[in-house]
>>> print(open('model_21.pdb').read())   # PDB, C-alpha atoms
ATOM      1  CA  MET A   1    -117.820 -66.069  31.476
ATOM      2  CA  GLY A   2    -118.565 -64.474  28.114
ATOM      3  CA  PRO A   3    -121.816 -63.898  26.240
ATOM      4  CA  VAL A   4    -124.405 -66.647  26.417
ATOM      5  CA  ARG A   5    -127.419 -67.522  24.362
ATOM      6  CA  GLY A   6    -130.807 -68.451  25.714
ATOM      7  CA  GLY A   7    -130.721 -71.036  28.480
ATOM      8  CA  GLY A   8    -127.234 -70.044  29.620
ATOM      9  CA  ARG A   9    -125.386 -71.828  26.802
ATOM     10  CA  ARG A  10    -121.888 -70.547  26.092
ATOM     11  CA  VAL A  11    -121.458 -69.195  22.565
ATOM     12  CA  THR A  12    -119.633 -71.378  20.044
ATOM     13  CA  GLY A  13    -117.480 -70.071  17.215
ATOM     14  CA  LEU A  14    -116.342 -71.823  14.048
ATOM     15  CA  PHE A  15    -112.956 -70.583  12.796
ATOM     16  CA  VAL A  16    -111.872 -71.536   9.289
ATOM     17  CA  GLY A  17    -108.355 -71.032   8.008
ATOM     18  CA  LEU A  18    -104.657 -71.334   8.562
ATOM     19  CA  CYS A  19    -102.892 -73.188  11.352
ATOM     20  CA  THR A  20     -99.106 -72.975  11.600
ATOM     21  CA  LEU A  21     -96.284 -73.582  14.027
ATOM     22  CA  ASP A  22     -95.024 -70.148  15.024
ATOM     23  CA  VAL A  23     -91.404 -69.870  16.123
ATOM     24  CA  ILE A  24     -91.104 -66.370  17.581
ATOM     25  CA  GLN A  25     -87.836 -64.793  18.660
ATOM     26  CA  LEU A  26     -87.265 -61.471  20.395
ATOM     27  CA  VAL A  27     -84.230 -59.687  18.957
ATOM     28  CA  ASP A  28     -82.516 -56.320  19.312
ATOM     29  CA  ARG A  29     -82.638 -55.905  15.539
ATOM     30  CA  VAL A  30     -83.238 -57.946  12.419
ATOM     31  CA  PRO A  31     -79.885 -59.470  11.362
ATOM     32  CA  GLY A  32     -78.255 -58.581   8.080
ATOM     33  CA  PRO A  33     -76.982 -61.019   5.409
ATOM     34  CA  ASP A  34     -74.824 -63.833   6.844
ATOM     35  CA  GLU A  35     -75.186 -62.369  10.345
ATOM     36  CA  LYS A  36     -76.083 -64.357  13.462
ATOM     37  CA  LEU A  37     -77.712 -62.879  16.557
ATOM     38  CA  THR A  38     -78.605 -64.278  19.945
ATOM     39  CA  ALA A  39     -82.308 -63.827  20.700
ATOM     40  CA  ARG A  40     -83.440 -62.377  24.022
ATOM     41  CA  ASP A  41     -86.397 -64.748  24.282
ATOM     42  CA  GLN A  42     -88.436 -67.181  22.211
ATOM     43  CA  VAL A  43     -91.898 -68.721  22.008
ATOM     44  CA  ALA A  44     -93.125 -71.732  20.010
ATOM     45  CA  ALA A  45     -96.898 -71.934  19.649
ATOM     46  CA  ALA A  46     -99.764 -72.631  17.279
ATOM     47  CA  GLY A  47    -100.336 -69.672  14.969
ATOM     48  CA  GLY A  48    -102.203 -68.438  11.919
ATOM     49  CA  PRO A  49    -104.958 -65.793  11.793
ATOM     50  CA  ALA A  50    -107.952 -68.093  12.300
ATOM     51  CA  THR A  51    -106.045 -70.027  14.957
ATOM     52  CA  GLY A  52    -105.139 -66.893  16.909
ATOM     53  CA  ALA A  53    -108.743 -65.728  16.688
ATOM     54  CA  ALA A  54    -109.970 -69.089  18.012
ATOM     55  CA  VAL A  55    -107.565 -68.860  20.958
ATOM     56  CA  ALA A  56    -108.817 -65.349  21.812
ATOM     57  CA  PHE A  57    -112.453 -66.457  21.490
ATOM     58  CA  GLY A  58    -111.796 -69.243  23.971
ATOM     59  CA  ARG A  59    -109.916 -66.971  26.364
ATOM     60  CA  LEU A  60    -112.994 -64.748  26.573
ATOM     61  CA  GLY A  61    -115.246 -67.646  27.511
ATOM     62  CA  GLY A  62    -116.468 -68.991  24.174
ATOM     63  CA  LEU A  63    -116.177 -72.491  22.771
ATOM     64  CA  PRO A  64    -113.917 -72.329  19.672
ATOM     65  CA  ARG A  65    -113.800 -74.899  16.877
ATOM     66  CA  LEU A  66    -110.993 -74.644  14.324
ATOM     67  CA  LEU A  67    -111.527 -76.072  10.835
ATOM     68  CA  THR A  68    -108.084 -76.394   9.235
ATOM     69  CA  GLY A  69    -105.444 -78.808   7.938
ATOM     70  CA  LEU A  70    -102.696 -80.043  10.261
ATOM     71  CA  GLY A  71    -101.661 -83.643   9.616
ATOM     72  CA  SER A  72     -99.762 -86.211  11.661
ATOM     73  CA  HIS A  73     -96.185 -84.936  11.489
ATOM     74  CA  PRO A  74     -94.558 -84.580  14.964
ATOM     75  CA  LEU A  75     -94.568 -80.794  14.603
ATOM     76  CA  ALA A  76     -98.292 -80.896  13.891
ATOM     77  CA  LEU A  77     -98.840 -82.989  17.018
ATOM     78  CA  GLY A  78     -97.132 -80.276  19.045
ATOM     79  CA  VAL A  79     -99.410 -77.655  17.523
ATOM     80  CA  ARG A  80    -102.468 -79.744  18.351
ATOM     81  CA  ALA A  81    -101.284 -80.242  21.941
ATOM     82  CA  ASP A  82    -100.927 -76.476  22.358
ATOM     83  CA  LEU A  83    -104.455 -75.891  21.094
ATOM     84  CA  ASP A  84    -105.911 -78.740  23.152
ATOM     85  CA  ALA A  85    -104.462 -77.136  26.275
ATOM     86  CA  LEU A  86    -106.186 -73.865  25.350
ATOM     87  CA  GLY A  87    -109.579 -75.462  24.775
ATOM     88  CA  VAL A  88    -109.589 -75.097  20.986
ATOM     89  CA  ARG A  89    -111.255 -78.087  19.337
ATOM     90  CA  VAL A  90    -109.358 -78.847  16.114
ATOM     91  CA  LEU A  91    -111.247 -80.374  13.182
ATOM     92  CA  ASP A  92    -108.367 -81.593  11.003
ATOM     93  CA  LEU A  93    -109.214 -81.952   7.308
ATOM     94  CA  ALA A  94    -105.700 -83.213   6.472
ATOM     95  CA  ALA A  95    -105.240 -85.811   9.199
ATOM     96  CA  GLU A  96    -103.545 -88.208   6.764
ATOM     97  CA  ARG A  97    -100.864 -85.681   5.775
ATOM     98  CA  VAL A  98     -97.371 -86.736   6.939
ATOM     99  CA  ASP A  99     -95.318 -83.720   5.819
ATOM    100  CA  PRO A 100     -94.633 -80.866   8.272
ATOM    101  CA  PRO A 101     -97.219 -78.141   8.830
ATOM    102  CA  ALA A 102     -96.480 -74.598   7.726
ATOM    103  CA  VAL A 103     -93.882 -73.013   9.980
ATOM    104  CA  SER A 104     -93.811 -69.251  10.496
ATOM    105  CA  SER A 105     -90.401 -67.837  11.410
ATOM    106  CA  ILE A 106     -90.928 -64.539  13.235
ATOM    107  CA  LEU A 107     -88.479 -61.945  14.485
ATOM    108  CA  VAL A 108     -89.820 -59.315  16.876
ATOM    109  CA  THR A 109     -87.711 -56.199  17.395
ATOM    110  CA  ALA A 110     -87.530 -55.472  21.131
ATOM    111  CA  SER A 111     -87.412 -51.673  20.905
ATOM    112  CA  THR A 112     -90.458 -51.246  18.647
ATOM    113  CA  GLY A 113     -92.559 -54.427  18.827
ATOM    114  CA  GLU A 114     -92.453 -54.646  15.029
ATOM    115  CA  ARG A 115     -92.214 -58.086  13.470
ATOM    116  CA  ALA A 116     -90.741 -59.719  10.382
ATOM    117  CA  VAL A 117     -92.444 -62.921   9.244
ATOM    118  CA  ALA A 118     -91.632 -65.671   6.744
ATOM    119  CA  SER A 119     -94.040 -68.560   6.153
ATOM    120  CA  THR A 120     -95.342 -70.847   3.434
ATOM    121  CA  ASN A 121     -98.901 -70.350   4.774
ATOM    122  CA  ALA A 122    -101.363 -72.682   3.029
ATOM    123  CA  THR A 123     -99.454 -72.872  -0.253
ATOM    124  CA  GLY A 124    -100.041 -76.135  -2.099
ATOM    125  CA  HIS A 125    -102.685 -77.471   0.279
ATOM    126  CA  ARG A 126    -106.293 -77.875  -0.795
ATOM    127  CA  LEU A 127    -108.930 -78.745   1.782
ATOM    128  CA  ARG A 128    -112.427 -80.019   1.077
ATOM    129  CA  ALA A 129    -115.482 -79.324   3.212
ATOM    130  CA  PRO A 130    -116.185 -82.164   5.654
ATOM    131  CA  ALA A 131    -119.204 -84.415   5.713
ATOM    132  CA  GLY A 132    -121.873 -83.057   8.019
ATOM    133  CA  LEU A 133    -120.912 -79.454   7.312
ATOM    134  CA  GLU A 134    -124.483 -78.213   7.696
ATOM    135  CA  GLU A 135    -124.799 -79.726  11.173
ATOM    136  CA  LEU A 136    -121.409 -78.341  12.182
ATOM    137  CA  VAL A 137    -122.324 -74.821  11.097
ATOM    138  CA  GLU A 138    -125.746 -74.947  12.710
ATOM    139  CA  SER A 139    -124.163 -75.906  16.034
ATOM    140  CA  CYS A 140    -122.167 -72.643  16.061
ATOM    141  CA  ASP A 141    -123.224 -69.061  16.726
ATOM    142  CA  ILE A 142    -120.766 -67.359  14.358
ATOM    143  CA  ALA A 143    -118.282 -68.332  11.625
ATOM    144  CA  GLU A 144    -114.975 -66.512  11.112
ATOM    145  CA  PHE A 145    -112.605 -66.811   8.140
ATOM    146  CA  ASP A 146    -109.054 -65.618   7.497
ATOM    147  CA  GLY A 147    -109.079 -66.081   3.696
ATOM    148  CA  HIS A 148    -106.637 -68.988   3.691
ATOM    149  CA  HIS A 149    -107.878 -72.354   2.328
ATOM    150  CA  MET A 150    -110.144 -70.210   0.159
ATOM    151  CA  GLU A 151    -112.270 -72.950  -1.440
ATOM    152  CA  LEU A 152    -113.113 -74.348   1.984
ATOM    153  CA  ALA A 153    -113.871 -70.866   3.299
ATOM    154  CA  VAL A 154    -116.252 -70.097   0.424
ATOM    155  CA  ASP A 155    -118.146 -73.369   0.970
ATOM    156  CA  VAL A 156    -118.462 -72.881   4.729
ATOM    157  CA  ALA A 157    -119.453 -69.216   4.408
ATOM    158  CA  HIS A 158    -122.209 -70.126   1.937
ATOM    159  CA  VAL A 159    -123.611 -72.737   4.323
ATOM    160  CA  ALA A 160    -123.355 -70.338   7.267
ATOM    161  CA  ARG A 161    -125.195 -67.609   5.385
ATOM    162  CA  SER A 162    -127.926 -70.089   4.424
ATOM    163  CA  ALA A 163    -128.217 -71.200   8.061
ATOM    164  CA  GLY A 164    -128.561 -67.629   9.293
ATOM    165  CA  ARG A 165    -125.240 -67.608  11.139
ATOM    166  CA  PRO A 166    -123.261 -64.341  10.999
ATOM    167  CA  THR A 167    -120.046 -64.563   8.986
ATOM    168  CA  LEU A 168    -116.940 -62.554   9.842
ATOM    169  CA  LEU A 169    -113.947 -62.090   7.528
ATOM    170  CA  ASP A 170    -110.453 -61.241   8.738
ATOM    171  CA  ALA A 171    -109.247 -59.457   5.603
ATOM    172  CA  GLY A 172    -105.512 -59.117   6.068
ATOM    173  CA  SER A 173    -104.744 -58.895   2.359
ATOM    174  CA  TRP A 174    -106.509 -59.380  -0.958
ATOM    175  CA  LYS A 175    -106.253 -63.040  -2.016
ATOM    176  CA  LYS A 176    -107.374 -64.933  -5.075
ATOM    177  CA  GLY A 177    -111.014 -65.838  -4.486
ATOM    178  CA  THR A 178    -111.721 -63.082  -1.953
ATOM    179  CA  GLU A 179    -114.475 -61.666  -4.137
ATOM    180  CA  ARG A 180    -116.343 -64.999  -3.990
ATOM    181  CA  LEU A 181    -115.982 -65.108  -0.206
ATOM    182  CA  LEU A 182    -117.374 -61.577   0.155
ATOM    183  CA  ALA A 183    -120.631 -62.763  -1.404
ATOM    184  CA  SER A 184    -121.359 -64.670   1.838
ATOM    185  CA  THR A 185    -119.716 -62.252   4.284
ATOM    186  CA  ASP A 186    -121.809 -60.219   6.727
ATOM    187  CA  ILE A 187    -118.948 -58.496   8.567
ATOM    188  CA  ALA A 188    -115.455 -57.715   7.261
ATOM    189  CA  VAL A 189    -112.675 -56.163   9.307
ATOM    190  CA  CYS A 190    -109.672 -55.306   7.158
ATOM    191  CA  SER A 191    -106.107 -54.282   7.757
ATOM    192  CA  ALA A 192    -104.721 -51.208   6.049
ATOM    193  CA  ASP A 193    -102.912 -53.618   3.693
ATOM    194  CA  PHE A 194    -106.207 -54.973   2.340
ATOM    195  CA  ARG A 195    -106.671 -53.284  -1.019
ATOM    196  CA  PRO A 196    -109.461 -54.561  -3.282
ATOM    197  CA  PRO A 197    -109.096 -53.976  -7.030
ATOM    198  CA  GLY A 198    -109.427 -50.259  -7.754
ATOM    199  CA  ALA A 199    -109.477 -49.222  -4.094
ATOM    200  CA  GLY A 200    -106.703 -46.880  -3.036
ATOM    201  CA  THR A 201    -108.181 -45.328   0.114
ATOM    202  CA  THR A 202    -110.020 -46.501   3.215
ATOM    203  CA  ALA A 203    -113.248 -44.935   1.949
ATOM    204  CA  GLU A 204    -112.926 -46.787  -1.347
ATOM    205  CA  THR A 205    -112.274 -50.067   0.468
ATOM    206  CA  LEU A 206    -115.405 -49.641   2.585
ATOM    207  CA  GLU A 207    -117.422 -48.739  -0.521
ATOM    208  CA  PHE A 208    -116.105 -51.812  -2.357
ATOM    209  CA  LEU A 209    -117.139 -54.071   0.529
ATOM    210  CA  ARG A 210    -120.608 -52.522   0.680
ATOM    211  CA  ASP A 211    -121.055 -52.950  -3.070
ATOM    212  CA  HIS A 212    -120.127 -56.631  -2.755
ATOM    213  CA  GLY A 213    -122.753 -57.391  -0.142
ATOM    214  CA  VAL A 214    -120.888 -56.864   3.147
ATOM    215  CA  THR A 215    -123.231 -55.256   5.690
ATOM    216  CA  TRP A 216    -120.738 -54.167   8.350
ATOM    217  CA  ALA A 217    -117.144 -53.260   7.535
ATOM    218  CA  ALA A 218    -114.156 -51.728   9.266
ATOM    219  CA  VAL A 219    -110.535 -50.886   8.489
ATOM    220  CA  THR A 220    -107.854 -50.995  11.166
ATOM    221  CA  GLY A 221    -104.549 -49.148  11.190
ATOM    222  CA  GLY A 222    -102.472 -50.215  14.175
ATOM    223  CA  GLY A 223    -102.860 -47.633  16.913
ATOM    224  CA  ALA A 224    -104.944 -45.322  14.699
ATOM    225  CA  PRO A 225    -108.736 -45.193  15.147
ATOM    226  CA  ILE A 226    -110.717 -47.969  13.476
ATOM    227  CA  VAL A 227    -112.885 -46.670  10.639
ATOM    228  CA  TRP A 228    -116.212 -48.471  10.306
ATOM    229  CA  ALA A 229    -119.299 -48.290   8.119
ATOM    230  CA  GLY A 230    -122.682 -49.950   7.997
ATOM    231  CA  PRO A 231    -126.336 -49.321   7.172
ATOM    232  CA  GLY A 232    -127.124 -45.702   7.920
ATOM    233  CA  GLY A 233    -123.596 -44.431   8.412
ATOM    234  CA  GLY A 234    -120.315 -45.105  10.156
ATOM    235  CA  GLY A 235    -117.714 -43.637  12.461
ATOM    236  CA  LEU A 236    -114.429 -44.018  14.283
ATOM    237  CA  VAL A 237    -113.463 -46.237  17.204
ATOM    238  CA  ASP A 238    -110.424 -45.230  19.220
ATOM    239  CA  VAL A 239    -107.759 -47.821  19.983
ATOM    240  CA  PRO A 240    -106.541 -47.715  23.605
ATOM    241  CA  GLU A 241    -103.004 -46.508  24.116
ATOM    242  CA  THR A 242    -100.585 -49.118  25.380
ATOM    243  CA  ARG A 243     -96.861 -49.684  25.696
ATOM    244  CA  VAL A 244     -96.284 -51.895  22.667
ATOM    245  CA  VAL A 245     -93.977 -54.853  23.248
ATOM    246  CA  ASP A 246     -95.084 -57.085  20.382
ATOM    247  CA  THR A 247     -97.670 -56.492  17.646
ATOM    248  CA  LEU A 248     -97.635 -60.106  16.439
ATOM    249  CA  GLY A 249    -101.138 -61.566  16.365
ATOM    250  CA  ALA A 250    -102.880 -58.366  17.445
ATOM    251  CA  GLY A 251    -105.236 -58.543  14.471
ATOM    252  CA  ASP A 252    -106.004 -62.188  15.205
ATOM    253  CA  VAL A 253    -106.917 -61.312  18.790
ATOM    254  CA  LEU A 254    -109.072 -58.429  17.559
ATOM    255  CA  HIS A 255    -111.069 -60.742  15.301
ATOM    256  CA  GLY A 256    -111.468 -63.444  17.927
ATOM    257  CA  ALA A 257    -112.653 -60.913  20.486
ATOM    258  CA  LEU A 258    -114.985 -59.288  17.968
ATOM    259  CA  ALA A 259    -116.467 -62.667  17.060
ATOM    260  CA  HIS A 260    -117.046 -63.316  20.745
ATOM    261  CA  HIS A 261    -118.770 -60.001  21.417
ATOM    262  CA  LEU A 262    -120.932 -60.189  18.278
ATOM    263  CA  SER A 263    -121.996 -63.805  18.823
ATOM    264  CA  GLY A 264    -123.797 -62.854  22.003
ATOM    265  CA  LEU A 265    -126.034 -60.358  20.187
ATOM    266  CA  ASP A 266    -129.485 -61.058  18.831
ATOM    267  CA  ARG A 267    -129.209 -58.072  16.498
ATOM    268  CA  ILE A 268    -126.384 -55.882  15.201
ATOM    269  CA  ASP A 269    -126.891 -52.163  14.710
ATOM    270  CA  GLY A 270    -124.482 -49.223  14.474
ATOM    271  CA  PRO A 271    -123.992 -48.617  18.215
ATOM    272  CA  ALA A 272    -123.654 -52.342  18.919
ATOM    273  CA  PHE A 273    -121.083 -52.785  16.148
ATOM    274  CA  ALA A 274    -119.047 -49.800  17.342
ATOM    275  CA  GLU A 275    -119.142 -51.051  20.934
ATOM    276  CA  ALA A 276    -118.063 -54.554  19.868
ATOM    277  CA  LEU A 277    -115.154 -53.061  17.918
ATOM    278  CA  ALA A 278    -114.123 -50.958  20.925
ATOM    279  CA  ARG A 279    -114.198 -53.942  23.278
ATOM    280  CA  ALA A 280    -112.253 -56.062  20.795
ATOM    281  CA  ALA A 281    -109.665 -53.305  20.331
ATOM    282  CA  ALA A 282    -109.153 -53.163  24.086
ATOM    283  CA  VAL A 283    -108.384 -56.884  24.187
ATOM    284  CA  ALA A 284    -106.000 -56.614  21.216
ATOM    285  CA  SER A 285    -104.198 -53.697  22.864
ATOM    286  CA  ARG A 286    -103.643 -55.763  26.001
ATOM    287  CA  ALA A 287    -102.157 -58.523  23.867
ATOM    288  CA  CYS A 288     -99.611 -56.062  22.437
ATOM    289  CA  ALA A 289     -98.246 -55.333  25.915
ATOM    290  CA  SER A 290     -96.359 -58.651  26.216
ATOM    291  CA  PHE A 291     -93.988 -60.686  24.054
ATOM    292  CA  GLY A 292     -95.331 -63.571  22.013
ATOM    293  CA  THR A 293     -98.883 -64.784  21.492
ATOM    294  CA  ARG A 294     -99.450 -66.570  24.805
ATOM    295  CA  ALA A 295     -98.344 -64.307  27.681
ATOM    296  CA  TRP A 296    -101.461 -62.099  27.434
ATOM    297  CA  LEU A 297    -103.696 -65.094  28.102
ATOM    298  CA  THR A 298    -102.580 -65.203  31.732
ATOM    299  CA  ALA A 299    -102.048 -61.465  32.293
ATOM    300  CA  ASP A 300    -104.307 -59.622  34.708
TER     301      ASP A 300
END
>>> encode(input="model_21.pdb", output="structure tokens")
Amino acid sequence: MGPVRGGGRRVTGLFVGLCTLDVIQLVDRVPGPDEKLTARDQVAAAGGPATGAAVAFGRLGGLPRLLTGLGSHPLALGVRADLDALGVRVLDLAAERVDPPAVSSILVTASTGERAVASTNATGHRLRAPAGLEELVESCDIAEFDGHHMELAVDVAHVARSAGRPTLLDAGSWKKGTERLLASTDIAVCSADFRPPGAGTTAETLEFLRDHGVTWAAVTGGGAPIVWAGPGGGGLVDVPETRVVDTLGAGDVLHGALAHHLSGLDRIDGPAFAEALARAAAVASRACASFGTRAWLTAD
């Protein structure tokens, strides 16, 4: 059982963003032009940053709700079935859509755990905030965003900020509209690939986030220490060493675990933020020790 609020209620997280069908194959190497290879193993599962975070949040004992667009195509029904089995409640804002969901084709190199990914992501799909958004947000303890479906994310983040719910941004890369989303972001955890305009270093990225209203910020770098900053200072959080089998989805797991640890807090300060990052990094490291995005859920 994870963190609880007063009265023993399990924490609830609202995750806003991309949901895809991930087709993941384990290969000895990425094939060259016109070359065919036989994969060692494969996994087909629901994917996307917000989706992976919701799965991790649920694995740790929280109640995840995923606000996204899926549709009624047979592939989308398979994605929904996967998430239903994992306890992720899907709120589909594109239920009438009949075309296939985004499919991510992923090759994981067996010797290094590195991955190559091709996907359409949320290209060409525009989602509108649902009726009853205020009630939905107020029923949750934290809201997390991956920057996809940006207009929806901005609307939900604004409502969450107004309702006093902490907002967490998974900043994998700079996207059009990110600056508007930062205006309602309390916590931002960025990959090393996230480069705001004019920011060329980690220190400049953290300064940019602070100047745009983000209270707590961090930058990850794979197995390197996480650099964080907040009111009164900052520091480093070590990432546990592990035998890396697959890095796919590690950042998603980190954000879901972080959302879970933060949602059980009445107040965030420097030590609490650093501890939450450390606990989340430990979960993400465990996820890297197995192939695919599902095996870690049942590992000891």
>>> atom_distance(input="model_21.pdb", atom1="atom CA of Thr185 of chain A", atom2="atom CA of Asp84 of chain A")
28.6 Å
>>> atom_distance(input="model_21.pdb", atom1="atom CA of Ser111 of chain A", atom2="atom CA of Leu26 of chain A")
9.8 Å
>>> atom_distance(input="model_21.pdb", atom1="atom CA of Leu169 of chain A", atom2="atom CA of Ser119 of chain A")
21.0 Å
>>> closest_residue(input="model_21.pdb", among="A:Ala218, A:Ala299, A:Val245, A:Ala122", to="Thr109 of chain A", atoms="only C-alpha atoms")
A:Val245
>>> closest_residue(input="model_21.pdb", among="A:Ala54, A:Ile226, A:Cys19, A:Ala131", to="Ser104 of chain A", atoms="only C-alpha atoms")
A:Cys19
>>> residues_near_point(input="model_21.pdb", point="(-105.5, -59.9, 0.2)", cutoff="8 Å", atoms="all atoms listed in the file", output="list of chain:residue names")
A:Gly147, A:Ala171, A:Gly172, A:Ser173, A:Trp174, A:Lys175, A:Lys176, A:Thr178, A:Asp193, A:Phe194, A:Arg195, A:Pro196
>>> write_last_selection(input="model_21.pdb", atoms="C-alpha atoms", output="PDB file, in the coordinates of the input")
ATOM      1  CA  GLY A 147    -109.079 -66.081   3.696  1.00  0.00           C
ATOM      2  CA  ALA A 171    -109.247 -59.457   5.603  1.00  0.00           C
ATOM      3  CA  GLY A 172    -105.512 -59.117   6.068  1.00  0.00           C
ATOM      4  CA  SER A 173    -104.744 -58.895   2.359  1.00  0.00           C
ATOM      5  CA  TRP A 174    -106.509 -59.380  -0.958  1.00  0.00           C
ATOM      6  CA  LYS A 175    -106.253 -63.040  -2.016  1.00  0.00           C
ATOM      7  CA  LYS A 176    -107.374 -64.933  -5.075  1.00  0.00           C
ATOM      8  CA  THR A 178    -111.721 -63.082  -1.953  1.00  0.00           C
ATOM      9  CA  ASP A 193    -102.912 -53.618   3.693  1.00  0.00           C
ATOM     10  CA  PHE A 194    -106.207 -54.973   2.340  1.00  0.00           C
ATOM     11  CA  ARG A 195    -106.671 -53.284  -1.019  1.00  0.00           C
ATOM     12  CA  PRO A 196    -109.461 -54.561  -3.282  1.00  0.00           C
TER      13      PRO A 196
END
>>> resolve_selection(input="model_21.pdb", expression="the PyMOL selection byres ((chain A and resi 45) around 7)", output="VMD selection string")
chain A and resid 21 to 23 43 to 44 46 to 47 79 82
>>> resolve_selection(input="model_21.pdb", expression="the PyMOL selection byres ((chain A and resi 249-265) around 6)", output="mmCIF file with C-alpha atoms, in the frame of the given file")
data_model
loop_
_atom_site.group_PDB
_atom_site.id
_atom_site.type_symbol
_atom_site.label_atom_id
_atom_site.label_comp_id
_atom_site.auth_asym_id
_atom_site.auth_seq_id
_atom_site.Cartn_x
_atom_site.Cartn_y
_atom_site.Cartn_z
ATOM 1 C CA PRO A 3 -121.816 -63.898 26.240
ATOM 2 C CA VAL A 4 -124.405 -66.647 26.417
ATOM 3 C CA PRO A 49 -104.958 -65.793 11.793
ATOM 4 C CA GLY A 52 -105.139 -66.893 16.909
ATOM 5 C CA ALA A 53 -108.743 -65.728 16.688
ATOM 6 C CA ALA A 54 -109.970 -69.089 18.012
ATOM 7 C CA ALA A 56 -108.817 -65.349 21.812
ATOM 8 C CA PHE A 57 -112.453 -66.457 21.490
ATOM 9 C CA ASP A 141 -123.224 -69.061 16.726
ATOM 10 C CA ILE A 142 -120.766 -67.359 14.358
ATOM 11 C CA THR A 247 -97.670 -56.492 17.646
ATOM 12 C CA LEU A 248 -97.635 -60.106 16.439
ATOM 13 C CA ASP A 266 -129.485 -61.058 18.831
ATOM 14 C CA ARG A 267 -129.209 -58.072 16.498
ATOM 15 C CA ALA A 276 -118.063 -54.554 19.868
ATOM 16 C CA ALA A 280 -112.253 -56.062 20.795
ATOM 17 C CA ALA A 281 -109.665 -53.305 20.331
ATOM 18 C CA ALA A 284 -106.000 -56.614 21.216
#
>>> closest_residue(input="model_21.pdb", among="A:Glu275, A:Glu96, A:Asp211, A:Asp269", to="Leu236 of chain A", atoms="all atoms listed in the file")
A:Glu275
>>> resolve_selection(input="model_21.pdb", expression="the PyMOL selection byres ((chain A and resi 156) around 12)", output="ChimeraX atom specification")
/A:14-17,67-68,127-138,140,142-145,147,149-155,157-163,165-168,180-181,184-185
>>> residues_around(input="model_21.pdb", residues="Val55 of chain A", least_positions_apart="6", cutoff="8 Å", atoms="all atoms listed in the file", output="VMD selection string")
chain A and resid 64 83 86 to 88 253 256
>>> closest_residue(input="model_21.pdb", among="A:Leu77, A:Ala39, A:Ala85, A:Val214", to="Gly58 of chain A", atoms="all atoms listed in the file")
A:Ala85
>>> closest_residue(input="model_21.pdb", among="A:Asp238, A:Glu204, A:Asp28, A:Asp92", to="Arg115 of chain A", atoms="all atoms listed in the file")
A:Asp28
>>> axis_aligned_box(input="model_21.pdb", around="segment 54-58 of chain A", padding_each_side="8 Å", output="AutoDock Vina command-line options")
--center_x -110.0 --center_y -67.3 --center_z 21.0 --size_x 20.9 --size_y 19.9 --size_z 22.0
>>> residues_around(input="model_21.pdb", residues="segment 219-225 of chain A", least_positions_apart="3", cutoff="6 Å", atoms="all atoms listed in the file", output="VMD selection string")
chain A and resid 189 to 192 236 to 239
>>> closest_residue(input="model_21.pdb", among="A:Ala110, A:Ile187, A:Ala76, A:Ala229", to="Glu207 of chain A", atoms="only C-alpha atoms")
A:Ala229
>>> residues_around(input="model_21.pdb", residues="Val98 of chain A", least_positions_apart="5", cutoff="8 Å", atoms="only C-alpha atoms", output="PDB file with C-alpha atoms, in the frame of the given file")
ATOM      1  CA  GLY A  71    -101.661 -83.643   9.616  1.00  0.00           C
ATOM      2  CA  SER A  72     -99.762 -86.211  11.661  1.00  0.00           C
ATOM      3  CA  HIS A  73     -96.185 -84.936  11.489  1.00  0.00           C
TER       4      HIS A  73
END
>>> residues_around(input="model_21.pdb", residues="Gln25 of chain A", least_positions_apart="2", cutoff="6 Å", atoms="all atoms listed in the file", output="ChimeraX atom specification")
/A:39,41-42,107
